[in-house]
>>> print(open('final28.tsv').read())   # TSV, C-alpha atoms
chain	number	residue	atom	x	y	z
X	1	MET	CA	3.30	-3.31	-9.38
X	2	VAL	CA	2.49	-5.23	-6.20
X	3	ILE	CA	0.02	-7.42	-8.09
X	4	LEU	CA	2.47	-8.00	-10.93
X	5	PHE	CA	5.17	-8.92	-8.43
X	6	HIS	CA	3.09	-11.45	-6.50
X	7	SER	CA	1.71	-12.93	-9.71
X	8	ASN	CA	5.33	-13.70	-10.52
X	9	THR	CA	6.44	-15.06	-7.12
X	10	LEU	CA	3.34	-17.21	-6.63
X	11	LEU	CA	3.93	-18.98	-9.95
X	12	ARG	CA	6.26	-21.26	-7.97
X	13	PHE	CA	3.21	-23.18	-6.74
X	14	GLY	CA	2.76	-24.64	-10.20
X	15	TYR	CA	5.55	-23.42	-12.49
X	16	ASP	CA	9.11	-22.24	-12.78
X	17	PRO	CA	8.83	-18.41	-13.02
X	18	PRO	CA	10.46	-17.11	-16.24
X	19	GLU	CA	13.78	-15.38	-15.59
X	20	SER	CA	12.83	-12.37	-17.72
X	21	LEU	CA	9.66	-11.90	-15.66
X	22	THR	CA	11.62	-12.08	-12.42
X	23	ALA	CA	14.12	-9.56	-13.81
X	24	PHE	CA	11.27	-7.18	-14.73
X	25	ASN	CA	9.93	-7.25	-11.19
X	26	SER	CA	13.42	-6.93	-9.72
X	27	PHE	CA	13.96	-3.80	-11.83
X	28	PHE	CA	11.06	-2.02	-10.12
X	29	GLY	CA	11.57	-3.71	-6.75
X	30	PRO	CA	13.58	-0.86	-5.15
X	31	TYR	CA	10.64	1.56	-5.61
X	32	ARG	CA	7.55	-0.63	-5.31
X	33	MET	CA	6.94	-0.44	-1.55
X	34	PRO	CA	8.93	2.78	-0.87
X	35	LEU	CA	6.68	4.66	-3.30
X	36	LEU	CA	3.56	3.26	-1.65
X	37	VAL	CA	4.84	4.21	1.82
X	38	PHE	CA	5.95	7.65	0.59
X	39	LEU	CA	2.42	8.37	-0.66
X	40	SER	CA	1.01	7.13	2.66
X	41	GLY	CA	3.21	9.69	4.37
X	42	VAL	CA	1.87	12.39	2.05
X	43	ILE	CA	-1.71	11.84	3.22
X	44	VAL	CA	-0.99	11.42	6.95
X	45	ASN	CA	-1.29	15.19	7.43
X	46	MET	CA	-5.04	15.01	6.80
X	47	SER	CA	-5.45	12.38	9.52
X	48	LEU	CA	-3.40	14.37	12.04
X	49	ARG	CA	-6.07	17.09	12.01
X	50	LYS	CA	-8.55	14.73	13.65
X	51	SER	CA	-9.11	14.24	17.36
X	52	PHE	CA	-7.19	11.40	19.02
X	53	ALA	CA	-10.39	9.35	19.35
X	54	ASP	CA	-11.36	9.76	15.70
X	55	PHE	CA	-7.76	9.17	14.58
X	56	THR	CA	-7.48	5.93	16.57
X	57	ALA	CA	-10.91	4.66	15.56
X	58	GLY	CA	-10.18	5.35	11.88
X	59	LYS	CA	-6.88	3.49	11.90
X	60	LEU	CA	-8.33	0.50	13.75
X	61	ARG	CA	-11.33	0.35	11.41
X	62	ASN	CA	-9.47	0.89	8.12
X	63	LEU	CA	-6.07	-0.75	8.74
X	64	ILE	CA	-6.15	-3.29	11.56
X	65	TRP	CA	-9.60	-4.67	10.71
X	66	PRO	CA	-8.86	-5.53	7.03
X	67	TYR	CA	-5.49	-6.87	8.17
X	68	ALA	CA	-7.25	-9.27	10.56
X	69	ILE	CA	-9.92	-10.31	8.05
X	70	TRP	CA	-7.52	-11.00	5.20
X	71	THR	CA	-4.91	-12.64	7.42
X	72	PHE	CA	-7.65	-15.17	8.20
X	73	VAL	CA	-8.38	-15.57	4.46
X	74	TYR	CA	-4.65	-15.97	3.87
X	75	PHE	CA	-4.51	-18.68	6.55
X	76	LEU	CA	-7.33	-20.56	4.83
X	77	THR	CA	-5.52	-20.50	1.47
X	78	ILE	CA	-1.81	-20.04	0.89
X	79	GLY	CA	-1.01	-19.69	4.60
X	80	SER	CA	-2.50	-23.05	5.51
X	81	SER	CA	1.00	-24.52	5.67
X	82	TYR	CA	1.78	-22.29	8.68
X	83	SER	CA	0.74	-23.02	12.23
X	84	ILE	CA	-1.34	-20.49	14.12
X	85	PHE	CA	1.78	-19.63	16.16
X	86	ASP	CA	4.07	-19.09	13.16
X	87	HIS	CA	5.16	-15.45	12.89
X	88	GLN	CA	5.31	-15.81	9.09
X	89	LEU	CA	1.53	-16.16	9.06
X	90	TYR	CA	1.16	-12.72	10.60
X	91	GLY	CA	4.05	-11.18	8.71
X	92	SER	CA	2.47	-12.10	5.37
X	93	TYR	CA	1.99	-9.86	2.35
X	94	LEU	CA	-0.18	-7.65	4.60
X	95	TRP	CA	2.81	-6.41	6.65
X	96	TYR	CA	2.46	-3.00	4.99
X	97	LEU	CA	-0.80	-2.35	6.88
X	98	ILE	CA	0.88	-2.96	10.24
X	99	PHE	CA	3.88	-0.80	9.34
X	100	VAL	CA	1.72	2.11	8.21
X	101	PHE	CA	-0.48	1.76	11.31
X	102	VAL	CA	2.60	2.20	13.53
X	103	TYR	CA	3.97	5.04	11.37
X	104	TYR	CA	0.70	6.94	11.69
X	105	PHE	CA	0.78	6.76	15.48
X	106	ILE	CA	4.45	7.76	15.63
X	107	SER	CA	3.56	10.82	13.54
X	108	LEU	CA	0.72	11.65	15.92
X	109	LEU	CA	2.82	11.26	19.07
X	110	ALA	CA	5.75	13.16	17.53
X	111	ILE	CA	3.59	15.81	15.89
X	112	ASN	CA	5.67	18.70	17.32
X	113	ILE	CA	9.07	17.19	16.55
X	114	PRO	CA	10.81	18.44	13.35
X	115	ARG	CA	10.73	15.76	10.69
X	116	LEU	CA	14.21	16.14	9.21
X	117	PRO	CA	16.02	14.93	12.37
X	118	LEU	CA	13.59	12.00	12.60
X	119	ILE	CA	14.23	11.12	8.96
X	120	LEU	CA	18.00	11.05	9.63
X	121	ILE	CA	17.45	8.95	12.76
X	122	ALA	CA	15.27	6.47	10.83
X	123	PHE	CA	17.83	5.95	8.08
X	124	THR	CA	20.68	5.74	10.61
X	125	LEU	CA	18.82	3.03	12.52
X	126	ALA	CA	18.10	1.17	9.26
X	127	ALA	CA	21.80	1.27	8.40
X	128	SER	CA	22.74	0.04	11.88
X	129	VAL	CA	20.49	-3.04	11.88
X	130	PRO	CA	22.28	-6.25	10.79
X	131	ALA	CA	21.30	-7.35	7.28
X	132	ASP	CA	19.93	-10.66	8.52
X	133	ILE	CA	17.27	-8.88	10.62
X	134	GLN	CA	15.40	-7.82	7.52
X	135	THR	CA	12.02	-6.95	9.07
X	136	ILE	CA	13.50	-4.41	11.51
X	137	GLN	CA	15.76	-2.97	8.82
X	138	ARG	CA	12.77	-2.63	6.47
X	139	PHE	CA	10.71	-0.98	9.23
X	140	PHE	CA	13.21	1.82	9.87
X	141	PHE	CA	14.05	2.30	6.18
X	142	LEU	CA	10.40	2.72	5.20
X	143	TRP	CA	9.73	4.88	8.26
X	144	GLY	CA	12.27	7.34	6.87
X	145	ILE	CA	10.55	7.24	3.48
X	146	PHE	CA	7.15	7.74	5.15
X	147	MET	CA	8.34	10.81	7.04
X	148	LEU	CA	9.96	12.18	3.89
X	149	GLY	CA	6.54	12.15	2.21
X	150	GLU	CA	4.98	13.72	5.31
X	151	TRP	CA	7.65	16.43	5.48
X	152	LEU	CA	7.42	17.34	1.80
X	153	TYR	CA	3.63	17.60	1.96
X	154	SER	CA	3.84	19.81	5.05
X	155	LYS	CA	5.97	22.21	3.01
X	156	ARG	CA	3.92	22.10	-0.16
X	157	SER	CA	1.50	19.76	-1.92
X	158	VAL	CA	3.49	17.07	-3.73
X	159	ASN	CA	1.75	17.97	-6.98
X	160	ASN	CA	3.07	21.53	-6.60
X	161	ILE	CA	6.70	20.77	-5.76
X	162	ALA	CA	8.57	22.69	-8.44
X	163	VAL	CA	11.29	20.09	-9.03
X	164	LEU	CA	8.68	17.51	-10.07
X	165	HIS	CA	7.61	19.78	-12.94
X	166	SER	CA	11.16	20.54	-14.04
X	167	ARG	CA	12.85	18.75	-16.92
X	168	TRP	CA	15.89	18.32	-14.68
X	169	ILE	CA	14.00	15.81	-12.54
X	170	PHE	CA	14.56	13.22	-15.25
X	171	LEU	CA	18.27	13.25	-14.50
X	172	GLY	CA	17.11	11.04	-11.64
X	173	ILE	CA	16.70	8.31	-14.24
X	174	ILE	CA	20.48	7.80	-14.12
X	175	PRO	CA	20.75	6.72	-10.44
X	176	MET	CA	17.39	4.97	-10.83
X	177	ILE	CA	18.70	2.78	-13.66
X	178	ILE	CA	21.93	2.08	-11.75
X	179	VAL	CA	20.02	0.90	-8.67
X	180	SER	CA	17.55	-1.13	-10.76
X	181	SER	CA	20.32	-2.77	-12.78
X	182	LEU	CA	22.10	-3.81	-9.61
X	183	ALA	CA	18.85	-5.24	-8.26
X	184	VAL	CA	18.37	-7.28	-11.44
X	185	SER	CA	21.95	-8.57	-11.20
X	186	GLY	CA	21.23	-9.92	-7.72
X	187	GLU	CA	22.79	-7.17	-5.62
X	188	ARG	CA	21.02	-6.67	-2.27
X	189	ILE	CA	19.29	-3.33	-2.81
X	190	LEU	CA	15.93	-3.57	-1.04
X	191	TYR	CA	15.80	-1.42	2.11
X	192	GLU	CA	19.55	-0.81	2.07
X	193	THR	CA	20.28	2.73	3.27
X	194	GLY	CA	23.39	2.91	1.10
X	195	TRP	CA	21.15	3.09	-1.97
X	196	ILE	CA	18.64	5.58	-0.56
X	197	GLY	CA	19.67	8.29	-3.04
X	198	GLY	CA	18.76	6.13	-6.03
X	199	VAL	CA	15.51	5.01	-4.40
X	200	ILE	CA	14.38	8.60	-3.70
X	201	ALA	CA	15.38	9.59	-7.23
X	202	GLY	CA	13.24	6.75	-8.58
X	203	ILE	CA	10.27	7.80	-6.44
X	204	PHE	CA	10.49	11.38	-7.73
X	205	VAL	CA	10.87	10.27	-11.35
X	206	ILE	CA	7.82	7.99	-11.13
X	207	ILE	CA	5.72	10.79	-9.57
X	208	ALA	CA	6.93	13.23	-12.22
X	209	VAL	CA	5.90	10.78	-14.95
X	210	ALA	CA	2.51	10.33	-13.28
X	211	ILE	CA	1.95	14.10	-13.22
X	212	ARG	CA	2.64	14.29	-16.94
X	213	VAL	CA	0.47	11.25	-17.70
X	214	GLU	CA	-2.39	12.95	-15.88
X	215	ARG	CA	-1.85	16.09	-17.91
X	216	PHE	CA	-1.90	14.49	-21.35
X	217	CYS	CA	-4.04	11.36	-21.08
X	218	ASP	CA	-7.75	11.31	-21.78
X	219	MET	CA	-10.30	11.38	-18.99
X	220	PRO	CA	-11.55	7.75	-19.22
X	221	PHE	CA	-8.00	6.45	-18.76
X	222	MET	CA	-7.34	8.77	-15.82
X	223	ALA	CA	-10.71	7.88	-14.31
X	224	ALA	CA	-9.71	4.21	-14.39
X	225	LEU	CA	-6.38	4.92	-12.68
X	226	SER	CA	-8.10	7.13	-10.12
X	227	PHE	CA	-10.58	4.34	-9.42
X	228	LEU	CA	-7.75	1.88	-8.76
X	229	GLY	CA	-6.10	4.40	-6.46
X	230	ARG	CA	-9.19	5.13	-4.39
X	231	LYS	CA	-9.99	1.43	-4.02
X	232	SER	CA	-6.41	0.22	-3.65
X	233	ILE	CA	-7.05	-1.29	-0.19
X	234	VAL	CA	-9.48	-3.77	-1.81
X	235	TYR	CA	-7.03	-4.87	-4.51
X	236	TYR	CA	-4.14	-4.98	-2.07
X	237	THR	CA	-5.81	-7.12	0.59
X	238	SER	CA	-7.47	-9.57	-1.81
X	239	HIS	CA	-4.93	-10.17	-4.56
X	240	VAL	CA	-2.62	-12.83	-3.04
X	241	PRO	CA	-5.30	-15.46	-2.24
X	242	VAL	CA	-6.82	-14.87	-5.70
X	243	ILE	CA	-3.48	-15.27	-7.47
X	244	TYR	CA	-2.63	-18.40	-5.46
X	245	ILE	CA	-5.93	-20.09	-6.27
X	246	THR	CA	-5.66	-19.07	-9.93
X	247	VAL	CA	-2.15	-20.52	-10.29
X	248	LEU	CA	-3.26	-23.81	-8.71
X	249	ALA	CA	-6.28	-23.90	-11.02
X	250	CYS	CA	-4.16	-23.26	-14.12
X	251	ALA	CA	-1.73	-26.01	-13.17
X	252	GLY	CA	-4.57	-28.39	-12.38
X	253	LEU	CA	-6.31	-27.68	-15.69
X	254	GLY	CA	-3.18	-28.48	-17.67
X	255	VAL	CA	-1.93	-24.98	-18.56
X	256	THR	CA	1.76	-25.64	-19.16
X	257	ASN	CA	3.01	-22.20	-20.25
X	258	PRO	CA	3.96	-20.10	-17.18
X	259	TRP	CA	3.40	-16.86	-19.12
X	260	ILE	CA	-0.21	-17.78	-19.81
X	261	ALA	CA	-0.73	-18.72	-16.16
X	262	TYR	CA	0.90	-15.41	-15.13
X	263	PHE	CA	-1.38	-13.23	-17.25
X	264	ILE	CA	-4.45	-15.21	-16.18
X	265	ALA	CA	-3.44	-14.63	-12.55
X	266	VAL	CA	-2.97	-10.89	-13.11
X	267	ILE	CA	-6.34	-10.58	-14.84
X	268	ALA	CA	-8.00	-12.64	-12.11
X	269	ALA	CA	-6.55	-10.41	-9.36
X	270	PHE	CA	-7.87	-7.23	-10.99
X	271	THR	CA	-11.20	-8.81	-11.94
X	272	VAL	CA	-11.94	-10.24	-8.50
X	273	GLY	CA	-10.72	-7.01	-6.93
X	274	THR	CA	-13.19	-5.02	-9.03
X	275	ILE	CA	-16.01	-7.40	-8.12
X	276	LEU	CA	-15.11	-6.95	-4.45
X	277	VAL	CA	-15.19	-3.17	-4.89
X	278	VAL	CA	-18.81	-3.52	-6.01
X	279	ILE	CA	-19.59	-5.92	-3.17
X	280	ALA	CA	-17.95	-3.54	-0.69
X	281	LYS	CA	-20.65	-0.98	-1.48
X	282	THR	CA	-23.15	-3.20	0.34
X	283	PRO	CA	-23.30	-3.19	4.17
X	284	VAL	CA	-22.28	-6.85	4.37
X	285	GLY	CA	-19.50	-6.57	1.78
X	286	ALA	CA	-18.07	-3.45	3.38
X	287	VAL	CA	-17.21	-5.48	6.49
X	288	LEU	CA	-14.48	-7.24	4.49
X	289	PHE	CA	-12.47	-4.01	4.33
X	290	THR	CA	-13.58	-1.70	7.12
X	291	PHE	CA	-15.18	-2.19	10.49
X	292	PRO	CA	-18.66	-0.63	10.67
X	293	ASP	CA	-18.73	2.82	12.25
X	294	LEU	CA	-21.06	2.03	15.13
X	295	ARG	CA	-21.20	5.65	16.28
X	296	ARG	CA	-22.64	6.76	12.97
X	297	ARG	CA	-25.20	3.96	13.03
X	298	VAL	CA	-26.31	4.96	16.51
X	299	HIS	CA	-26.50	8.58	15.42
X	300	ARG	CA	-28.57	7.71	12.34
X	301	ARG	CA	-30.92	5.57	14.42
X	302	SER	CA	-31.40	8.40	16.93
X	303	LEU	CA	-32.21	10.79	14.11
X	304	ALA	CA	-34.64	8.31	12.60
X	305	SER	CA	-36.39	7.82	15.92
X	306	THR	CA	-36.69	11.57	16.56
X	307	PRO	CA	-39.46	13.19	14.52
X	308	ASN	CA	-38.55	16.44	12.81
X	309	ASP	CA	-40.60	19.60	13.09
X	310	SER	CA	-42.69	18.89	10.00
X	311	SER	CA	-43.61	15.38	11.15
X	312	ARG	CA	-44.56	16.67	14.58
X	313	HIS	CA	-46.71	19.31	12.92
X	314	ARG	CA	-48.43	16.63	10.83
X	315	SER	CA	-49.02	14.46	13.88
X	316	LEU	CA	-50.67	17.39	15.62
>>> encode(input="final28.tsv", output="structure tokens")
Amino acid sequence: MVILFHSNTLLRFGYDPPESLTAFNSFFGPYRMPLLVFLSGVIVNMSLRKSFADFTAGKLRNLIWPYAIWTFVYFLTIGSSYSIFDHQLYGSYLWYLIFVFVYYFISLLAINIPRLPLILIAFTLAASVPADIQTIQRFFFLWGIFMLGEWLYSKRSVNNIAVLHSRWIFLGIIPMIIVSSLAVSGERILYETGWIGGVIAGIFVIIAVAIRVERFCDMPFMAALSFLGRKSIVYYTSHVPVIYITVLACAGLGVTNPWIAYFIAVIAAFTVGTILVVIAKTPVGAVLFTFPDLRRRVHRRSLASTPNDSSRHRSL
């Protein structure tokens, strides 16, 4: 959904985005980032079991490093219109990585504090922030969503929450459609605490649908979705520069239909992302998405330089 959304918004660099396409993305807008942050909260519990040193190193290597690398790529492409001191350069499409980085550390520092009061505090703060300070409002709103995912997982695995397997969960489609319809009509819905009920309902409905898709779809299809999920950091960090360059290329080559340019951009984002997944398996390519674990390299070198018992026996 993130790739589809940015393929639509970046059309402006060569085309007038079709209204129906914008409406489609607006319909799913209230759940796009909240769902991603909710799922990030679900998996934070696994990280909290690590030592502080390993926790910190992992977040710096896997969140801050790709943020820095791809912010530089962004600056070389679509962000070239910004100065190096422009906050919009650093608050680009990669803002999610910074938000999640902070959320992870808050969870670590507040590990012994009950989550429900923190969730209420987060949403209260989001509701208290003036609407024109959107970044701060978004931060607190999504922090509440993040902790909701963390809290639910601490009680029971999301896949085993009974309500997600109940038919009654699909009653959530009603508030979901109301919120989405208002978003399409132009109502300010994104990160507004007043609509949190509809947003959470939408998150649960989407997860419930995903559970049923997994149950009934064939293995190749599920394997493809699983692949995208495991490698999502690659697609997420790389897609905007790819879409931007593709839109410029389509306009320059005389493609006049915005729908054609849109689908070419979507295909290009997934294709280049998949190529980068393959490249990331190499030591050099991996540096684009995670900082090398120097401790492991040192450990491997020490093992390689220390002969094992059998080699010592042969040398004797």
>>> residues_around(input="final28.tsv", residues="range 237-241 of chain X", least_positions_apart="5", cutoff="9 Å", atoms="only C-alpha atoms", output="PyMOL selection string")
chain X and resi 3+6-7+10+66-67+70-71+73-74+76-78+93-94+232+246+266+268-270+272-273+276+289
>>> write_last_selection(input="final28.tsv", atoms="C-alpha atoms", output="PDB file, keeping the file's coordinate frame")
ATOM      1  CA  ILE X   3       0.020  -7.420  -8.090  1.00  0.00           C
ATOM      2  CA  HIS X   6       3.090 -11.450  -6.500  1.00  0.00           C
ATOM      3  CA  SER X   7       1.710 -12.930  -9.710  1.00  0.00           C
ATOM      4  CA  LEU X  10       3.340 -17.210  -6.630  1.00  0.00           C
ATOM      5  CA  PRO X  66      -8.860  -5.530   7.030  1.00  0.00           C
ATOM      6  CA  TYR X  67      -5.490  -6.870   8.170  1.00  0.00           C
ATOM      7  CA  TRP X  70      -7.520 -11.000   5.200  1.00  0.00           C
ATOM      8  CA  THR X  71      -4.910 -12.640   7.420  1.00  0.00           C
ATOM      9  CA  VAL X  73      -8.380 -15.570   4.460  1.00  0.00           C
ATOM     10  CA  TYR X  74      -4.650 -15.970   3.870  1.00  0.00           C
ATOM     11  CA  LEU X  76      -7.330 -20.560   4.830  1.00  0.00           C
ATOM     12  CA  THR X  77      -5.520 -20.500   1.470  1.00  0.00           C
ATOM     13  CA  ILE X  78      -1.810 -20.040   0.890  1.00  0.00           C
ATOM     14  CA  TYR X  93       1.990  -9.860   2.350  1.00  0.00           C
ATOM     15  CA  LEU X  94      -0.180  -7.650   4.600  1.00  0.00           C
ATOM     16  CA  SER X 232      -6.410   0.220  -3.650  1.00  0.00           C
ATOM     17  CA  THR X 246      -5.660 -19.070  -9.930  1.00  0.00           C
ATOM     18  CA  VAL X 266      -2.970 -10.890 -13.110  1.00  0.00           C
ATOM     19  CA  ALA X 268      -8.000 -12.640 -12.110  1.00  0.00           C
ATOM     20  CA  ALA X 269      -6.550 -10.410  -9.360  1.00  0.00           C
ATOM     21  CA  PHE X 270      -7.870  -7.230 -10.990  1.00  0.00           C
ATOM     22  CA  VAL X 272     -11.940 -10.240  -8.500  1.00  0.00           C
ATOM     23  CA  GLY X 273     -10.720  -7.010  -6.930  1.00  0.00           C
ATOM     24  CA  LEU X 276     -15.110  -6.950  -4.450  1.00  0.00           C
ATOM     25  CA  PHE X 289     -12.470  -4.010   4.330  1.00  0.00           C
TER      26      PHE X 289
END
>>> atom_distance(input="final28.tsv", atom1="CA of Ile173 in chain X", atom2="CA of Ile121 in chain X")
27.0 Å
>>> atom_distance(input="final28.tsv", atom1="CA of Ala183 in chain X", atom2="CA of Leu248 in chain X")
28.9 Å
>>> axis_aligned_box(input="final28.tsv", around="range 122-128 of chain X", padding_each_side="4 Å", output="AutoDock Vina command-line options")
--center_x 19.0 --center_y 3.3 --center_z 10.3 --size_x 15.5 --size_y 14.4 --size_z 12.4
>>> atom_distance(input="final28.tsv", atom1="CA of Phe139 in chain X", atom2="CA of Phe204 in chain X")
21.0 Å
>>> residues_around(input="final28.tsv", residues="range 184-187 of chain X", least_positions_apart="2", cutoff="8 Å", atoms="only C-alpha atoms", output="JSON list (two decimals) with C-alpha atoms, keeping the file's coordinate frame")
[["chain", "number", "residue", "atom", "x", "y", "z"],
["X", 23, "ALA", "CA", 14.12, -9.56, -13.81],
["X", 24, "PHE", "CA", 11.27, -7.18, -14.73],
["X", 26, "SER", "CA", 13.42, -6.93, -9.72],
["X", 27, "PHE", "CA", 13.96, -3.80, -11.83],
["X", 180, "SER", "CA", 17.55, -1.13, -10.76],
["X", 181, "SER", "CA", 20.32, -2.77, -12.78],
["X", 182, "LEU", "CA", 22.10, -3.81, -9.61],
["X", 189, "ILE", "CA", 19.29, -3.33, -2.81]]
>>> closest_residue(input="final28.tsv", among="X:Gly202, X:Pro283, X:Pro130, X:Gly144", to="Leu164 in chain X", atoms="all atoms listed in the file")
X:Gly202
>>> closest_residue(input="final28.tsv", among="X:Phe75, X:Tyr235, X:Phe105, X:Phe55", to="Ile275 in chain X", atoms="all atoms listed in the file")
X:Tyr235
>>> residues_around(input="final28.tsv", residues="Ala201 in chain X", least_positions_apart="2", cutoff="8 Å", atoms="all atoms listed in the file", output="list of chain:residue names")
X:Gly172, X:Ile173, X:Pro175, X:Met176, X:Gly197, X:Gly198, X:Val199, X:Ile203, X:Phe204, X:Val205
>>> write_last_selection(input="final28.tsv", atoms="C-alpha atoms", output="PDB file, in the frame of the given file")
ATOM      1  CA  GLY X 172      17.110  11.040 -11.640  1.00  0.00           C
ATOM      2  CA  ILE X 173      16.700   8.310 -14.240  1.00  0.00           C
ATOM      3  CA  PRO X 175      20.750   6.720 -10.440  1.00  0.00           C
ATOM      4  CA  MET X 176      17.390   4.970 -10.830  1.00  0.00           C
ATOM      5  CA  GLY X 197      19.670   8.290  -3.040  1.00  0.00           C
ATOM      6  CA  GLY X 198      18.760   6.130  -6.030  1.00  0.00           C
ATOM      7  CA  VAL X 199      15.510   5.010  -4.400  1.00  0.00           C
ATOM      8  CA  ILE X 203      10.270   7.800  -6.440  1.00  0.00           C
ATOM      9  CA  PHE X 204      10.490  11.380  -7.730  1.00  0.00           C
ATOM     10  CA  VAL X 205      10.870  10.270 -11.350  1.00  0.00           C
TER      11      VAL X 205
END
>>> closest_residue(input="final28.tsv", among="X:Ile267, X:Cys217, X:Ile84, X:Ile206", to="Tyr31 in chain X", atoms="all atoms listed in the file")
X:Ile206
>>> residues_around(input="final28.tsv", residues="Pro114 in chain X", least_positions_apart="2", cutoff="12 Å", atoms="all atoms listed in the file", output="PyMOL selection string")
chain X and resi 107+110-112+116-121+147-148+150-151+154
>>> closest_residue(input="final28.tsv", among="X:Asn62, X:Thr124, X:Thr290, X:Thr271", to="Phe101 in chain X", atoms="only C-alpha atoms")
X:Asn62
>>> closest_residue(input="final28.tsv", among="X:Trp65, X:Trp195, X:Tyr15, X:Trp95", to="Ala286 in chain X", atoms="all atoms listed in the file")
X:Trp65
>>> closest_residue(input="final28.tsv", among="X:Ser92, X:Thr22, X:Thr193, X:Thr56", to="Phe140 in chain X", atoms="all atoms listed in the file")
X:Thr193
